[in-house]
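Scroll down for the structure; my scribbles are underneath it.
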Amino acid sequence: MMVNRNVLTLDEFTLREMKAFPRATGELAGLLRDIGLAAKRINVEVNKAGLVDILGNTGDINVQGEEVKKMDQYANDQLMGVLQHGISCAGIASEELDEMVAFDNRVSMNSKYICMFDPLDGSSNIDVNVSIGTIFSVYRRLTPAGTLALTADFLQPGLRQVAAGYVIYGSSTILVYATKRGVNGFTLDPSIGEFCLSHPGMRCPETGTIYSINHGNFSQYAEGVQKYITGCQQKDETNGGPYTQRYIGSMVADVHRNLVKGGIFMYPATLQKPKGKLRLLYECNPMAFIVEVAGGMATDGHQRILEKVPASLHERSPLFIGSSGMMEELEKQGRLDFR
Ligand code: P6P
């Protein structure tokens, strides 16, 4: 069966988007293409991780106190490499690096964007062949062009994101990114080695019947979260149910499924982790930006994720994200954390 060659590739799409803005310099389009290149390289290794000696741990421990798996390091290096040698990024911050990295070559120092990423989210699933993902977030730098980027450039509220996206390495490899103009998804066509537009103008369904949460922590959740979960389990035809529980343990995969089908993903505060587990800057913020542009909602149980002002690169936040109707139902249940 011939594949339709009239679909836009990621490169063609970003250039078309750039032409829609007369003053656009092409830097953002270039940055997104750089990330697409890194994603293709990561995809090759993820797809054969079981065959080469790239599984297992490097023996290092990252800033989160988690064992760094070789694939995390490889993914981090690919993203850093394309962005450092590109023309669009002044510096990066990564889950795998304790501190931000300011690129000190002349071209990078004159770039107007900075990028944060979780190079391989869900990496604990690598060894068991479950979908994993890359998450990225792009901001305009606050410091002047021509100077080294500083940590302050990275501590901006998520509302200021210029673009955000994720890549899922699963049954197919899909790159989804959002700007304020919309959310679009691109599926990697291995026969030509290009991401091709497969999900134009993605919208998050207002309602859904899928809820994603780690039930193992039920006894540690706040009362409002427990009430919501119990309510989901009691749904039937009369009140819009039954609901289905789906939890992959890879946020990118859970959020992507809910974005496509409708649903809610929750990683609440627990008694053991009162600030939640997920990182604000390079997990919660990019996913919140994407889902909000697509018509959904994302909060920490108190406020919009995108309004939170970060105090540090690796701070954590509770996360409730998904279909607006389900999020509004959740917010009626009472206390969602322990403040
Ligand atoms: P738990 C993966 O490690 C991750 O950061 C997210 O991708 C995922 O949703 C979550 O943690 C799973 O955490 O505590 O339920 O195993």
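Naming works like this for the structure tokens: A, B, ... for the chains as they're shown, residue 1 at the start of each chain, ligands 1 onward in shown order.
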
Show me which residues are within 7 Å of ligand 1 counting only C-alpha atoms and all ligand atoms, and format the list as number ranges by chain. A: 121-124, 214, 249-252, 277-278

I'd like to know which residues of segment 193-298 of chain A are helix (DSSP H, G or I) (by DSSP, run on the backbone); could you write them as a PyMOL selection string? chain A and resi 215-220+223-233+237-239+251-261+280-293

Please determine, counting only C-alpha atoms, which residue among A:Ile210, A:Ala163, A:Cys115, A:Ala222 has the shortest atom-to-atom distance to Gln245 of chain A. A:Ile210

For Cys196 of chain A, work out the shell of residues within 6 Å, counting only C-alpha atoms and skipping chain neighbours fewer than 3 positions away, then give it as a compact mmCIF listing (two decimals) with N, CA, C and O atoms, in the first residue's frame.
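Saved as result_0.txt:
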# COMPACT_ATOMS: atom_id res chain seq x y z
N LEU A 8 2.47 16.70 5.28
CA LEU A 8 3.58 17.59 5.60
C LEU A 8 4.54 16.89 6.57
O LEU A 8 4.11 16.22 7.50
N THR A 9 5.82 17.07 6.36
CA THR A 9 6.78 16.60 7.37
C THR A 9 6.87 17.66 8.47
O THR A 9 6.40 18.80 8.30
N LEU A 10 7.49 17.29 9.58
CA LEU A 10 7.67 18.25 10.68
C LEU A 10 8.43 19.48 10.19
O LEU A 10 8.03 20.62 10.48
N PHE A 186 2.90 14.34 14.97
CA PHE A 186 3.63 13.87 13.80
C PHE A 186 4.12 12.46 14.07
O PHE A 186 4.79 12.21 15.08
N THR A 187 3.80 11.54 13.19
CA THR A 187 4.22 10.14 13.35
C THR A 187 5.45 9.88 12.49
O THR A 187 5.51 10.30 11.33

For Ala311 of chain A, find every residue with an atom within 9 Å (counting only C-alpha atoms), except residues of its own chain fewer than 3 positions away, and show them as a PyMOL selection string. chain A and resi 155+314-315

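Taking only segment 178-251 of chain A, the residues that DSSP calls strand (DSSP E or B) from the backbone come to Ala178, Thr179, Gly182, Val183, Asn184, Gly185, Phe186, Thr187, Leu188, Asp189, Glu194, Phe195, Cys196, Leu197, Ser198, His199, Ile210, Tyr211, Ser212, Thr244 and Gln245 of chain A.
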
Quick one: residues within 8 Å of Phe320 of chain A, only C-alpha atoms, excluding same-chain residues fewer than 5 positions away - as JSON, numbers by chain? {"A": [264, 265, 266, 267, 268, 298, 299, 300, 301, 327]}

Close residues, Asp34 of chain A itself excluded, 6 Å, only C-alpha atoms, min 3 positions apart in chain, as an MDAnalysis selection string: chainID A and resid 31 37 82

Env of Glu237 of chain A: 12 Å cut, atoms = only C-alpha atoms, seq-sep filter 5 positions within chain, self excluded. Answer as a list in words.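 Returned residues: Thr209, Pro242 and Tyr243 of chain A.
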
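Relative to atom CA of Gln333 of chain A, atom CA of Lys227 of chain A is found at 6.2 Å.
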
How far is it from atom CA of Asn105 of chain A to atom CA of Met80 of chain A, in Å with one decimal? 13.6 Å

Between atom CA of Leu97 of chain A and atom CA of Phe136 of chain A, what is the distance in Å, rounded to a tenth? 14.5 Å

Go through A:Glu194, A:Glu17, A:Asp11, A:Glu67 and flag the residue nearest Asn43 of chain A, using only C-alpha atoms for the distances. A:Glu194

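Comparing A:Thr207, A:Asn110, A:Ser324, A:Gln78 by their smallest distance to Lys261 of chain A, the closest is A:Thr207 (using only C-alpha atoms).
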
Which residue, A:Arg335, A:His256, A:Arg16, A:Arg33, has the smallest gap to Leu83 of chain A when you use only C-alpha atoms?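 With only C-alpha atoms as the atom set, the closest residue is A:Arg33.
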
Using only C-alpha atoms, can you tell me which of A:Asp337, A:Glu99, A:Glu292, A:Glu66 comes closest to Gln226 of chain A? A:Asp337
